[in-house]
>>> print(open('coords07.cif').read())   # mmCIF, N, CA and C atoms
data_final
#
loop_
_atom_site.label_atom_id
_atom_site.label_comp_id
_atom_site.auth_asym_id
_atom_site.auth_seq_id
_atom_site.Cartn_x
_atom_site.Cartn_y
_atom_site.Cartn_z
N MET A 1 -20.76 -11.83 1.37
CA MET A 1 -20.12 -10.87 0.51
C MET A 1 -19.52 -9.74 1.33
N MET A 2 -20.15 -9.43 2.45
CA MET A 2 -19.60 -8.39 3.31
C MET A 2 -18.24 -8.81 3.87
N LEU A 3 -18.09 -10.08 4.13
CA LEU A 3 -16.80 -10.57 4.62
C LEU A 3 -15.72 -10.36 3.57
N LEU A 4 -16.03 -10.72 2.34
CA LEU A 4 -15.08 -10.52 1.26
C LEU A 4 -14.82 -9.03 1.03
N TYR A 5 -15.87 -8.23 1.06
CA TYR A 5 -15.72 -6.79 0.88
C TYR A 5 -14.86 -6.19 1.99
N GLY A 6 -15.11 -6.58 3.21
CA GLY A 6 -14.31 -6.09 4.33
C GLY A 6 -12.85 -6.49 4.21
N PHE A 7 -12.63 -7.70 3.77
CA PHE A 7 -11.27 -8.19 3.57
C PHE A 7 -10.56 -7.39 2.47
N LEU A 8 -11.25 -7.17 1.35
CA LEU A 8 -10.67 -6.38 0.27
C LEU A 8 -10.42 -4.93 0.69
N ARG A 9 -11.35 -4.38 1.44
CA ARG A 9 -11.19 -3.01 1.93
C ARG A 9 -9.99 -2.89 2.84
N GLY A 10 -9.82 -3.87 3.71
CA GLY A 10 -8.67 -3.86 4.63
C GLY A 10 -7.35 -3.97 3.89
N ILE A 11 -7.29 -4.88 2.94
CA ILE A 11 -6.05 -5.06 2.18
C ILE A 11 -5.73 -3.80 1.37
N SER A 12 -6.74 -3.24 0.70
CA SER A 12 -6.48 -2.05 -0.12
C SER A 12 -6.07 -0.86 0.77
N ALA A 13 -6.65 -0.75 1.95
CA ALA A 13 -6.27 0.35 2.85
C ALA A 13 -4.84 0.17 3.34
N ILE A 14 -4.46 -1.05 3.67
CA ILE A 14 -3.09 -1.31 4.13
C ILE A 14 -2.10 -1.02 3.01
N LEU A 15 -2.39 -1.46 1.81
CA LEU A 15 -1.48 -1.20 0.68
C LEU A 15 -1.39 0.29 0.36
N ARG A 16 -2.51 0.98 0.45
CA ARG A 16 -2.51 2.42 0.19
C ARG A 16 -1.69 3.16 1.24
N ARG A 17 -1.87 2.80 2.51
CA ARG A 17 -1.11 3.44 3.58
C ARG A 17 0.39 3.17 3.45
N ALA A 18 0.74 1.93 3.09
CA ALA A 18 2.15 1.60 2.90
C ALA A 18 2.75 2.40 1.74
N ALA A 19 1.98 2.55 0.67
CA ALA A 19 2.48 3.33 -0.48
C ALA A 19 2.62 4.81 -0.10
N GLU A 20 1.68 5.34 0.68
CA GLU A 20 1.79 6.73 1.11
C GLU A 20 3.00 6.92 2.02
N TRP A 21 3.23 5.96 2.90
CA TRP A 21 4.37 6.03 3.81
C TRP A 21 5.68 6.00 3.02
N LYS A 22 5.78 5.09 2.05
CA LYS A 22 6.99 5.00 1.25
C LYS A 22 7.17 6.25 0.40
N HIS A 23 6.09 6.80 -0.12
CA HIS A 23 6.16 8.04 -0.90
C HIS A 23 6.71 9.16 -0.03
N GLY A 24 6.24 9.26 1.18
CA GLY A 24 6.73 10.30 2.10
C GLY A 24 8.21 10.14 2.40
N ARG A 25 8.62 8.90 2.62
CA ARG A 25 10.05 8.64 2.90
C ARG A 25 10.91 8.99 1.71
N THR A 26 10.50 8.58 0.52
CA THR A 26 11.31 8.85 -0.66
C THR A 26 11.31 10.34 -1.00
N ARG A 27 10.21 11.04 -0.72
CA ARG A 27 10.17 12.48 -0.95
C ARG A 27 11.16 13.19 -0.03
N LYS A 28 11.20 12.78 1.24
CA LYS A 28 12.15 13.39 2.17
C LYS A 28 13.59 13.08 1.78
N ALA A 29 13.84 11.86 1.31
CA ALA A 29 15.20 11.51 0.87
C ALA A 29 15.59 12.34 -0.33
N TYR A 30 14.66 12.55 -1.26
CA TYR A 30 14.96 13.38 -2.43
C TYR A 30 15.22 14.82 -2.02
N GLU A 31 14.42 15.34 -1.09
CA GLU A 31 14.62 16.71 -0.64
C GLU A 31 15.99 16.88 0.02
N CYS A 32 16.40 15.89 0.81
CA CYS A 32 17.72 15.96 1.44
C CYS A 32 18.83 15.91 0.39
N ALA A 33 18.69 15.02 -0.59
CA ALA A 33 19.70 14.92 -1.64
C ALA A 33 19.72 16.20 -2.48
N GLU A 34 18.57 16.78 -2.73
CA GLU A 34 18.49 18.03 -3.49
C GLU A 34 19.17 19.16 -2.73
N THR A 35 18.93 19.23 -1.44
CA THR A 35 19.56 20.28 -0.63
C THR A 35 21.06 20.10 -0.57
N ALA A 36 21.50 18.86 -0.37
CA ALA A 36 22.95 18.61 -0.32
C ALA A 36 23.62 18.95 -1.64
N PHE A 37 22.99 18.57 -2.74
CA PHE A 37 23.56 18.89 -4.05
C PHE A 37 23.58 20.40 -4.28
N GLY A 38 22.52 21.08 -3.92
CA GLY A 38 22.47 22.54 -4.10
C GLY A 38 23.55 23.25 -3.31
N GLU A 39 23.74 22.82 -2.06
CA GLU A 39 24.78 23.44 -1.23
C GLU A 39 26.17 23.16 -1.80
N LEU A 40 26.41 21.92 -2.23
CA LEU A 40 27.71 21.57 -2.78
C LEU A 40 27.96 22.33 -4.09
N GLU A 41 26.94 22.44 -4.91
CA GLU A 41 27.08 23.15 -6.18
C GLU A 41 27.39 24.63 -5.94
N THR A 42 26.70 25.23 -4.97
CA THR A 42 26.94 26.64 -4.65
C THR A 42 28.36 26.85 -4.15
N SER A 43 28.81 25.96 -3.27
CA SER A 43 30.17 26.11 -2.75
C SER A 43 31.21 25.87 -3.84
N CYS A 44 30.95 24.94 -4.74
CA CYS A 44 31.89 24.68 -5.84
C CYS A 44 31.98 25.89 -6.78
N LYS A 45 30.82 26.48 -7.08
CA LYS A 45 30.84 27.66 -7.94
C LYS A 45 31.56 28.82 -7.26
N ALA A 46 31.34 28.96 -5.97
CA ALA A 46 32.03 30.02 -5.22
C ALA A 46 33.54 29.78 -5.24
N ASP A 47 33.98 28.52 -5.11
CA ASP A 47 35.41 28.21 -5.16
C ASP A 47 35.98 28.49 -6.54
N GLU A 48 35.22 28.18 -7.60
CA GLU A 48 35.69 28.46 -8.95
C GLU A 48 35.89 29.96 -9.16
N VAL A 49 34.94 30.73 -8.66
CA VAL A 49 35.04 32.19 -8.80
C VAL A 49 36.20 32.71 -7.97
N ALA A 50 36.36 32.18 -6.75
CA ALA A 50 37.43 32.65 -5.87
C ALA A 50 38.82 32.33 -6.43
N PHE A 51 38.98 31.13 -6.99
CA PHE A 51 40.29 30.73 -7.51
C PHE A 51 40.51 31.17 -8.95
N GLY A 52 39.44 31.44 -9.67
CA GLY A 52 39.56 31.89 -11.05
C GLY A 52 39.90 30.78 -12.02
N ARG A 53 39.69 29.56 -11.62
CA ARG A 53 39.97 28.41 -12.50
C ARG A 53 38.98 27.30 -12.19
N PRO A 54 38.84 26.29 -13.07
CA PRO A 54 37.92 25.18 -12.79
C PRO A 54 38.36 24.39 -11.56
N LEU A 55 37.42 23.69 -10.99
CA LEU A 55 37.69 22.90 -9.79
C LEU A 55 38.63 21.75 -10.08
N ASP A 56 39.28 21.28 -9.03
CA ASP A 56 40.13 20.11 -9.21
C ASP A 56 39.27 18.85 -9.34
N TYR A 57 39.89 17.75 -9.67
CA TYR A 57 39.18 16.51 -9.97
C TYR A 57 38.38 16.00 -8.78
N ALA A 58 38.90 16.09 -7.58
CA ALA A 58 38.21 15.57 -6.40
C ALA A 58 36.90 16.32 -6.16
N GLN A 59 36.92 17.63 -6.32
CA GLN A 59 35.70 18.41 -6.10
C GLN A 59 34.66 18.10 -7.18
N GLN A 60 35.13 17.97 -8.42
CA GLN A 60 34.21 17.64 -9.51
C GLN A 60 33.60 16.27 -9.31
N LEU A 61 34.39 15.32 -8.80
CA LEU A 61 33.88 13.98 -8.53
C LEU A 61 32.83 14.01 -7.42
N ARG A 62 33.09 14.78 -6.37
CA ARG A 62 32.10 14.91 -5.28
C ARG A 62 30.80 15.51 -5.82
N LEU A 63 30.92 16.50 -6.67
CA LEU A 63 29.74 17.12 -7.26
C LEU A 63 28.97 16.13 -8.14
N LEU A 64 29.70 15.34 -8.91
CA LEU A 64 29.07 14.33 -9.76
C LEU A 64 28.36 13.27 -8.93
N LYS A 65 28.99 12.81 -7.86
CA LYS A 65 28.36 11.80 -6.99
C LYS A 65 27.10 12.35 -6.33
N ALA A 66 27.16 13.61 -5.90
CA ALA A 66 25.97 14.23 -5.29
C ALA A 66 24.85 14.35 -6.32
N TYR A 67 25.20 14.69 -7.56
CA TYR A 67 24.20 14.77 -8.62
C TYR A 67 23.58 13.40 -8.88
N GLU A 68 24.40 12.35 -8.93
CA GLU A 68 23.88 11.01 -9.16
C GLU A 68 22.98 10.56 -8.02
N ARG A 69 23.36 10.87 -6.78
CA ARG A 69 22.50 10.52 -5.63
C ARG A 69 21.16 11.24 -5.74
N ARG A 70 21.20 12.50 -6.15
CA ARG A 70 19.96 13.27 -6.30
C ARG A 70 19.07 12.65 -7.38
N GLU A 71 19.65 12.26 -8.50
CA GLU A 71 18.86 11.68 -9.58
C GLU A 71 18.28 10.32 -9.21
N VAL A 72 19.04 9.50 -8.50
CA VAL A 72 18.53 8.20 -8.05
C VAL A 72 17.38 8.41 -7.07
N ALA A 73 17.54 9.36 -6.15
CA ALA A 73 16.47 9.66 -5.19
C ALA A 73 15.23 10.17 -5.91
N LYS A 74 15.43 10.97 -6.95
CA LYS A 74 14.28 11.49 -7.71
C LYS A 74 13.55 10.36 -8.42
N GLU A 75 14.29 9.43 -9.02
CA GLU A 75 13.65 8.28 -9.69
C GLU A 75 12.84 7.45 -8.71
N ARG A 76 13.40 7.21 -7.53
CA ARG A 76 12.67 6.45 -6.50
C ARG A 76 11.41 7.19 -6.08
N TRP A 77 11.51 8.49 -5.93
CA TRP A 77 10.36 9.28 -5.53
C TRP A 77 9.27 9.24 -6.59
N VAL A 78 9.66 9.35 -7.85
CA VAL A 78 8.68 9.30 -8.94
C VAL A 78 8.00 7.94 -8.99
N ARG A 79 8.77 6.86 -8.85
CA ARG A 79 8.18 5.51 -8.84
C ARG A 79 7.23 5.34 -7.67
N ALA A 80 7.63 5.85 -6.48
CA ALA A 80 6.76 5.75 -5.31
C ALA A 80 5.48 6.55 -5.51
N ALA A 81 5.57 7.70 -6.16
CA ALA A 81 4.37 8.51 -6.42
C ALA A 81 3.43 7.78 -7.38
N GLU A 82 3.99 7.15 -8.41
CA GLU A 82 3.16 6.39 -9.34
C GLU A 82 2.49 5.22 -8.65
N ARG A 83 3.25 4.51 -7.81
CA ARG A 83 2.68 3.38 -7.07
C ARG A 83 1.58 3.85 -6.13
N MET A 84 1.80 5.00 -5.47
CA MET A 84 0.79 5.52 -4.56
C MET A 84 -0.48 5.88 -5.32
N ASN A 85 -0.34 6.48 -6.49
CA ASN A 85 -1.53 6.84 -7.28
C ASN A 85 -2.28 5.59 -7.74
N ARG A 86 -1.56 4.56 -8.15
CA ARG A 86 -2.23 3.31 -8.55
C ARG A 86 -2.98 2.71 -7.37
N ARG A 87 -2.35 2.69 -6.20
CA ARG A 87 -3.01 2.12 -5.02
C ARG A 87 -4.22 2.94 -4.61
N LYS A 88 -4.15 4.26 -4.76
CA LYS A 88 -5.31 5.09 -4.44
C LYS A 88 -6.46 4.81 -5.41
N ASN A 89 -6.13 4.59 -6.68
CA ASN A 89 -7.17 4.26 -7.66
C ASN A 89 -7.84 2.94 -7.32
N VAL A 90 -7.05 1.94 -6.96
CA VAL A 90 -7.61 0.64 -6.59
C VAL A 90 -8.47 0.78 -5.35
N ASP A 91 -8.00 1.55 -4.37
CA ASP A 91 -8.77 1.76 -3.16
C ASP A 91 -10.10 2.46 -3.47
N GLY A 92 -10.08 3.41 -4.39
CA GLY A 92 -11.31 4.08 -4.79
C GLY A 92 -12.29 3.12 -5.47
N LYS A 93 -11.76 2.22 -6.29
CA LYS A 93 -12.62 1.24 -6.94
C LYS A 93 -13.24 0.28 -5.93
N VAL A 94 -12.45 -0.13 -4.94
CA VAL A 94 -12.98 -1.03 -3.91
C VAL A 94 -14.03 -0.31 -3.08
N ARG A 95 -13.80 0.96 -2.78
CA ARG A 95 -14.79 1.73 -2.01
C ARG A 95 -16.08 1.91 -2.80
N SER A 96 -15.98 1.99 -4.12
CA SER A 96 -17.19 2.18 -4.92
C SER A 96 -18.09 0.94 -4.89
N LEU A 97 -17.54 -0.20 -4.48
CA LEU A 97 -18.36 -1.41 -4.38
C LEU A 97 -19.39 -1.30 -3.26
N SER A 98 -19.18 -0.39 -2.31
CA SER A 98 -20.13 -0.26 -1.20
C SER A 98 -21.48 0.27 -1.67
N GLU A 99 -21.52 0.92 -2.82
CA GLU A 99 -22.77 1.47 -3.33
C GLU A 99 -23.60 0.45 -4.10
N MET A 100 -23.03 -0.72 -4.36
CA MET A 100 -23.75 -1.74 -5.13
C MET A 100 -24.81 -2.40 -4.26
N ARG A 101 -25.90 -2.78 -4.89
CA ARG A 101 -26.94 -3.54 -4.20
C ARG A 101 -26.76 -5.01 -4.56
N LEU A 102 -26.70 -5.83 -3.53
CA LEU A 102 -26.48 -7.25 -3.75
C LEU A 102 -27.63 -8.04 -3.14
N PRO A 103 -27.95 -9.18 -3.71
CA PRO A 103 -29.01 -10.00 -3.13
C PRO A 103 -28.57 -10.61 -1.80
N TYR A 104 -29.55 -11.02 -1.04
CA TYR A 104 -29.28 -11.59 0.27
C TYR A 104 -28.53 -12.91 0.19
N THR A 105 -28.54 -13.56 -0.95
CA THR A 105 -27.84 -14.84 -1.06
C THR A 105 -26.34 -14.69 -0.87
N PHE A 106 -25.82 -13.50 -1.13
CA PHE A 106 -24.39 -13.30 -0.89
C PHE A 106 -24.08 -13.38 0.60
N GLY A 107 -25.02 -13.00 1.44
CA GLY A 107 -24.85 -13.19 2.89
C GLY A 107 -24.79 -14.66 3.24
N LEU A 108 -25.57 -15.47 2.54
CA LEU A 108 -25.52 -16.92 2.76
C LEU A 108 -24.17 -17.48 2.34
N ILE A 109 -23.61 -16.93 1.28
CA ILE A 109 -22.29 -17.37 0.85
C ILE A 109 -21.26 -17.05 1.92
N ASP A 110 -21.36 -15.87 2.51
CA ASP A 110 -20.45 -15.51 3.61
C ASP A 110 -20.59 -16.47 4.78
N MET A 111 -21.82 -16.73 5.17
CA MET A 111 -22.04 -17.62 6.31
C MET A 111 -21.57 -19.04 6.01
N ALA A 112 -21.80 -19.51 4.80
CA ALA A 112 -21.31 -20.84 4.44
C ALA A 112 -19.80 -20.89 4.49
N PHE A 113 -19.14 -19.84 4.06
CA PHE A 113 -17.69 -19.78 4.11
C PHE A 113 -17.19 -19.79 5.55
N ILE A 114 -17.83 -18.98 6.40
CA ILE A 114 -17.42 -18.93 7.81
C ILE A 114 -17.64 -20.28 8.48
N LEU A 115 -18.80 -20.89 8.23
CA LEU A 115 -19.07 -22.19 8.83
C LEU A 115 -18.09 -23.25 8.33
N ARG A 116 -17.71 -23.19 7.07
CA ARG A 116 -16.75 -24.15 6.52
C ARG A 116 -15.38 -23.96 7.16
N VAL A 117 -14.97 -22.73 7.36
CA VAL A 117 -13.67 -22.47 8.01
C VAL A 117 -13.71 -22.95 9.46
N LEU A 118 -14.81 -22.65 10.16
CA LEU A 118 -14.92 -23.11 11.55
C LEU A 118 -14.94 -24.63 11.63
N ASP A 119 -15.61 -25.27 10.69
CA ASP A 119 -15.64 -26.73 10.66
C ASP A 119 -14.26 -27.31 10.38
N HIS A 120 -13.55 -26.68 9.47
CA HIS A 120 -12.21 -27.14 9.12
C HIS A 120 -11.26 -27.00 10.31
N LEU A 121 -11.43 -25.92 11.09
CA LEU A 121 -10.57 -25.70 12.25
C LEU A 121 -11.02 -26.52 13.46
N GLY A 122 -12.18 -27.14 13.40
CA GLY A 122 -12.68 -27.94 14.50
C GLY A 122 -13.30 -27.12 15.61
N ILE A 123 -13.76 -25.92 15.30
CA ILE A 123 -14.32 -25.03 16.31
C ILE A 123 -15.84 -25.09 16.34
N MET A 124 -16.44 -25.74 15.36
CA MET A 124 -17.90 -25.78 15.28
C MET A 124 -18.50 -26.34 16.56
N PRO A 125 -19.53 -25.69 17.06
CA PRO A 125 -20.18 -26.22 18.26
C PRO A 125 -20.91 -27.53 17.93
N GLN A 126 -20.86 -28.42 18.86
CA GLN A 126 -21.53 -29.71 18.68
C GLN A 126 -23.00 -29.55 19.09
N ILE A 127 -23.89 -29.76 18.15
CA ILE A 127 -25.32 -29.65 18.42
C ILE A 127 -25.84 -31.07 18.70
N GLU A 128 -26.60 -31.18 19.77
CA GLU A 128 -27.10 -32.51 20.15
C GLU A 128 -28.13 -33.01 19.15
N GLN A 129 -28.15 -34.30 18.95
CA GLN A 129 -29.05 -34.92 17.98
C GLN A 129 -30.52 -34.76 18.36
N PRO A 130 -30.95 -34.90 19.62
CA PRO A 130 -32.37 -34.72 19.94
C PRO A 130 -32.89 -33.31 19.60
N LEU A 131 -32.06 -32.32 19.77
CA LEU A 131 -32.45 -30.96 19.44
C LEU A 131 -32.75 -30.83 17.94
N LEU A 132 -31.91 -31.43 17.12
CA LEU A 132 -32.12 -31.39 15.68
C LEU A 132 -33.41 -32.14 15.30
N GLU A 133 -33.66 -33.27 15.95
CA GLU A 133 -34.88 -34.04 15.64
C GLU A 133 -36.13 -33.25 16.01
N ARG A 134 -36.11 -32.55 17.13
CA ARG A 134 -37.26 -31.75 17.53
C ARG A 134 -37.49 -30.60 16.56
N LEU A 135 -36.40 -29.93 16.16
CA LEU A 135 -36.53 -28.85 15.18
C LEU A 135 -37.12 -29.36 13.87
N TYR A 136 -36.66 -30.53 13.43
CA TYR A 136 -37.13 -31.11 12.20
C TYR A 136 -38.63 -31.45 12.31
N SER A 137 -39.02 -31.98 13.47
CA SER A 137 -40.43 -32.33 13.62
C SER A 137 -41.32 -31.09 13.69
N VAL A 138 -40.82 -30.01 14.30
CA VAL A 138 -41.61 -28.78 14.37
C VAL A 138 -41.76 -28.15 13.00
N LEU A 139 -40.69 -28.14 12.23
CA LEU A 139 -40.70 -27.50 10.91
C LEU A 139 -41.45 -28.29 9.85
N PHE A 140 -41.35 -29.59 9.88
CA PHE A 140 -41.89 -30.39 8.77
C PHE A 140 -43.08 -31.26 9.14
N ASN A 141 -43.58 -31.18 10.31
CA ASN A 141 -44.77 -31.98 10.68
C ASN A 141 -45.98 -31.12 10.92
#
>>> encode(input="coords07.cif", output="structure tokens")
Amino acid sequence: MMLLYGFLRGISAILRRAAEWKHGRTRKAYECAETAFGELETSCKADEVAFGRPLDYAQQLRLLKAYERREVAKERWVRAAERMNRRKNVDGKVRSLSEMRLPYTFGLIDMAFILRVLDHLGIMPQIEQPLLERLYSVLFN
């Protein structure tokens, strides 16, 4: 059972770290898009005040595209934050399994699994037949 627990712990930690990494990347992308939009909006408003009329079509289009980029980046950031929170919850649940008390037979299940994998891969050590016969005679005679 420890083998399975260790495997689950490793997978949940890797998924949590990947989600945190992606959340950080998307947060930085959103911050950059927010800053770019803010600067463009400020300059557009300053141009409107300076000229005393609304902006021309090209400037309005640039402002609209910057706004759309900001909103797409925000949606990605929100999705990444939700995914990170879900992964943290799963990781917390897997960590809570360490407090459970399990019978020793689960250790036998782990060993049987390891021995089966080693046997399947052909790595099992070859035990000589006389050694097994002597063990059998000592134990059962």
>>> atom_distance(input="coords07.cif", atom1="CA of Val90 in chain A", atom2="atom C of Ala13 in chain A")
10.3 Å
>>> residues_around(input="coords07.cif", residues="range 52-66 of chain A", least_positions_apart="3", cutoff="6.5 Å", atoms="all atoms listed in the file", output="list of chain:residue names")
A:Ala36, A:Phe37, A:Leu40, A:Glu41, A:Asp47, A:Glu48, A:Val49, A:Arg69, A:Arg70, A:Glu71
>>> residues_around(input="coords07.cif", residues="Asn85 in chain A", least_positions_apart="5", cutoff="9 Å", atoms="only C-alpha atoms", output="compact mmCIF listing (two decimals) with N, CA and C atoms, in the coordinates of the input")
# COMPACT_ATOMS: atom_id res chain seq x y z
N ARG A 16 -2.51 0.98 0.45
CA ARG A 16 -2.51 2.42 0.19
C ARG A 16 -1.69 3.16 1.24
N ALA A 19 1.98 2.55 0.67
CA ALA A 19 2.48 3.33 -0.48
C ALA A 19 2.62 4.81 -0.10
N ALA A 80 7.63 5.85 -6.48
CA ALA A 80 6.76 5.75 -5.31
C ALA A 80 5.48 6.55 -5.51
N VAL A 90 -7.05 1.94 -6.96
CA VAL A 90 -7.61 0.64 -6.59
C VAL A 90 -8.47 0.78 -5.35
>>> resolve_selection(input="coords07.cif", expression="the PyMOL selection byres (((chain A and resi 20 and name CA) around 10) and name CA)", output="compact mmCIF listing (two decimals) with N, CA and C atoms, keeping the file's coordinate frame")
# COMPACT_ATOMS: atom_id res chain seq x y z
N ILE A 14 -4.46 -1.05 3.67
CA ILE A 14 -3.09 -1.31 4.13
C ILE A 14 -2.10 -1.02 3.01
N LEU A 15 -2.39 -1.46 1.81
CA LEU A 15 -1.48 -1.20 0.68
C LEU A 15 -1.39 0.29 0.36
N ARG A 16 -2.51 0.98 0.45
CA ARG A 16 -2.51 2.42 0.19
C ARG A 16 -1.69 3.16 1.24
N ARG A 17 -1.87 2.80 2.51
CA ARG A 17 -1.11 3.44 3.58
C ARG A 17 0.39 3.17 3.45
N ALA A 18 0.74 1.93 3.09
CA ALA A 18 2.15 1.60 2.90
C ALA A 18 2.75 2.40 1.74
N ALA A 19 1.98 2.55 0.67
CA ALA A 19 2.48 3.33 -0.48
C ALA A 19 2.62 4.81 -0.10
N TRP A 21 3.23 5.96 2.90
CA TRP A 21 4.37 6.03 3.81
C TRP A 21 5.68 6.00 3.02
N LYS A 22 5.78 5.09 2.05
CA LYS A 22 6.99 5.00 1.25
C LYS A 22 7.17 6.25 0.40
N HIS A 23 6.09 6.80 -0.12
CA HIS A 23 6.16 8.04 -0.90
C HIS A 23 6.71 9.16 -0.03
N GLY A 24 6.24 9.26 1.18
CA GLY A 24 6.73 10.30 2.10
C GLY A 24 8.21 10.14 2.40
N ARG A 25 8.62 8.90 2.62
CA ARG A 25 10.05 8.64 2.90
C ARG A 25 10.91 8.99 1.71
N THR A 26 10.50 8.58 0.52
CA THR A 26 11.31 8.85 -0.66
C THR A 26 11.31 10.34 -1.00
N ALA A 80 7.63 5.85 -6.48
CA ALA A 80 6.76 5.75 -5.31
C ALA A 80 5.48 6.55 -5.51
N ALA A 81 5.57 7.70 -6.16
CA ALA A 81 4.37 8.51 -6.42
C ALA A 81 3.43 7.78 -7.38
N ARG A 83 3.25 4.51 -7.81
CA ARG A 83 2.68 3.38 -7.07
C ARG A 83 1.58 3.85 -6.13
N MET A 84 1.80 5.00 -5.47
CA MET A 84 0.79 5.52 -4.56
C MET A 84 -0.48 5.88 -5.32
N ASN A 85 -0.34 6.48 -6.49
CA ASN A 85 -1.53 6.84 -7.28
C ASN A 85 -2.28 5.59 -7.74
N ARG A 87 -2.35 2.69 -6.20
CA ARG A 87 -3.01 2.12 -5.02
C ARG A 87 -4.22 2.94 -4.61
N LYS A 88 -4.15 4.26 -4.76
CA LYS A 88 -5.31 5.09 -4.44
C LYS A 88 -6.46 4.81 -5.41
>>> atom_distance(input="coords07.cif", atom1="CA of Ser96 in chain A", atom2="CA of Leu4 in chain A")
14.3 Å
>>> atom_distance(input="coords07.cif", atom1="atom C of Val78 in chain A", atom2="CA of Lys93 in chain A")
21.8 Å
>>> residues_around(input="coords07.cif", residues="Ile114 in chain A", least_positions_apart="2", cutoff="12 Å", atoms="only C-alpha atoms", output="PDB file with N, CA and C atoms, keeping the file's coordinate frame")
ATOM      1  N   MET A   1     -20.760 -11.830   1.370  1.00  0.00           N
ATOM      2  CA  MET A   1     -20.120 -10.870   0.510  1.00  0.00           C
ATOM      3  C   MET A   1     -19.520  -9.740   1.330  1.00  0.00           C
ATOM      4  N   MET A   2     -20.150  -9.430   2.450  1.00  0.00           N
ATOM      5  CA  MET A   2     -19.600  -8.390   3.310  1.00  0.00           C
ATOM      6  C   MET A   2     -18.240  -8.810   3.870  1.00  0.00           C
ATOM      7  N   LEU A   3     -18.090 -10.080   4.130  1.00  0.00           N
ATOM      8  CA  LEU A   3     -16.800 -10.570   4.620  1.00  0.00           C
ATOM      9  C   LEU A   3     -15.720 -10.360   3.570  1.00  0.00           C
ATOM     10  N   LEU A   4     -16.030 -10.720   2.340  1.00  0.00           N
ATOM     11  CA  LEU A   4     -15.080 -10.520   1.260  1.00  0.00           C
ATOM     12  C   LEU A   4     -14.820  -9.030   1.030  1.00  0.00           C
ATOM     13  N   GLY A 107     -25.020 -13.000   1.440  1.00  0.00           N
ATOM     14  CA  GLY A 107     -24.850 -13.190   2.890  1.00  0.00           C
ATOM     15  C   GLY A 107     -24.790 -14.660   3.240  1.00  0.00           C
ATOM     16  N   LEU A 108     -25.570 -15.470   2.540  1.00  0.00           N
ATOM     17  CA  LEU A 108     -25.520 -16.920   2.760  1.00  0.00           C
ATOM     18  C   LEU A 108     -24.170 -17.480   2.340  1.00  0.00           C
ATOM     19  N   ILE A 109     -23.610 -16.930   1.280  1.00  0.00           N
ATOM     20  CA  ILE A 109     -22.290 -17.370   0.850  1.00  0.00           C
ATOM     21  C   ILE A 109     -21.260 -17.050   1.920  1.00  0.00           C
ATOM     22  N   ASP A 110     -21.360 -15.870   2.510  1.00  0.00           N
ATOM     23  CA  ASP A 110     -20.450 -15.510   3.610  1.00  0.00           C
ATOM     24  C   ASP A 110     -20.590 -16.470   4.780  1.00  0.00           C
ATOM     25  N   MET A 111     -21.820 -16.730   5.170  1.00  0.00           N
ATOM     26  CA  MET A 111     -22.040 -17.620   6.310  1.00  0.00           C
ATOM     27  C   MET A 111     -21.570 -19.040   6.010  1.00  0.00           C
ATOM     28  N   ALA A 112     -21.800 -19.510   4.800  1.00  0.00           N
ATOM     29  CA  ALA A 112     -21.310 -20.840   4.440  1.00  0.00           C
ATOM     30  C   ALA A 112     -19.800 -20.890   4.490  1.00  0.00           C
ATOM     31  N   ARG A 116     -17.710 -23.190   7.070  1.00  0.00           N
ATOM     32  CA  ARG A 116     -16.750 -24.150   6.520  1.00  0.00           C
ATOM     33  C   ARG A 116     -15.380 -23.960   7.160  1.00  0.00           C
ATOM     34  N   VAL A 117     -14.970 -22.730   7.360  1.00  0.00           N
ATOM     35  CA  VAL A 117     -13.670 -22.470   8.010  1.00  0.00           C
ATOM     36  C   VAL A 117     -13.710 -22.950   9.460  1.00  0.00           C
ATOM     37  N   LEU A 118     -14.810 -22.650  10.160  1.00  0.00           N
ATOM     38  CA  LEU A 118     -14.920 -23.110  11.550  1.00  0.00           C
ATOM     39  C   LEU A 118     -14.940 -24.630  11.630  1.00  0.00           C
ATOM     40  N   ASP A 119     -15.610 -25.270  10.690  1.00  0.00           N
ATOM     41  CA  ASP A 119     -15.640 -26.730  10.660  1.00  0.00           C
ATOM     42  C   ASP A 119     -14.260 -27.310  10.380  1.00  0.00           C
ATOM     43  N   HIS A 120     -13.550 -26.680   9.470  1.00  0.00           N
ATOM     44  CA  HIS A 120     -12.210 -27.140   9.120  1.00  0.00           C
ATOM     45  C   HIS A 120     -11.260 -27.000  10.310  1.00  0.00           C
ATOM     46  N   LEU A 121     -11.430 -25.920  11.090  1.00  0.00           N
ATOM     47  CA  LEU A 121     -10.570 -25.700  12.250  1.00  0.00           C
ATOM     48  C   LEU A 121     -11.020 -26.520  13.460  1.00  0.00           C
ATOM     49  N   ILE A 123     -13.760 -25.920  15.300  1.00  0.00           N
ATOM     50  CA  ILE A 123     -14.320 -25.030  16.310  1.00  0.00           C
ATOM     51  C   ILE A 123     -15.840 -25.090  16.340  1.00  0.00           C
ATOM     52  N   MET A 124     -16.440 -25.740  15.360  1.00  0.00           N
ATOM     53  CA  MET A 124     -17.900 -25.780  15.280  1.00  0.00           C
ATOM     54  C   MET A 124     -18.500 -26.340  16.560  1.00  0.00           C
TER      55      MET A 124
END
>>> closest_residue(input="coords07.cif", among="A:Arg95, A:Arg134, A:Arg101, A:Arg79", to="Arg9 in chain A", atoms="only C-alpha atoms")
A:Arg95
>>> closest_residue(input="coords07.cif", among="A:Val72, A:Val94, A:Ala29, A:Met100", to="Leu8 in chain A", atoms="all atoms listed in the file")
A:Val94
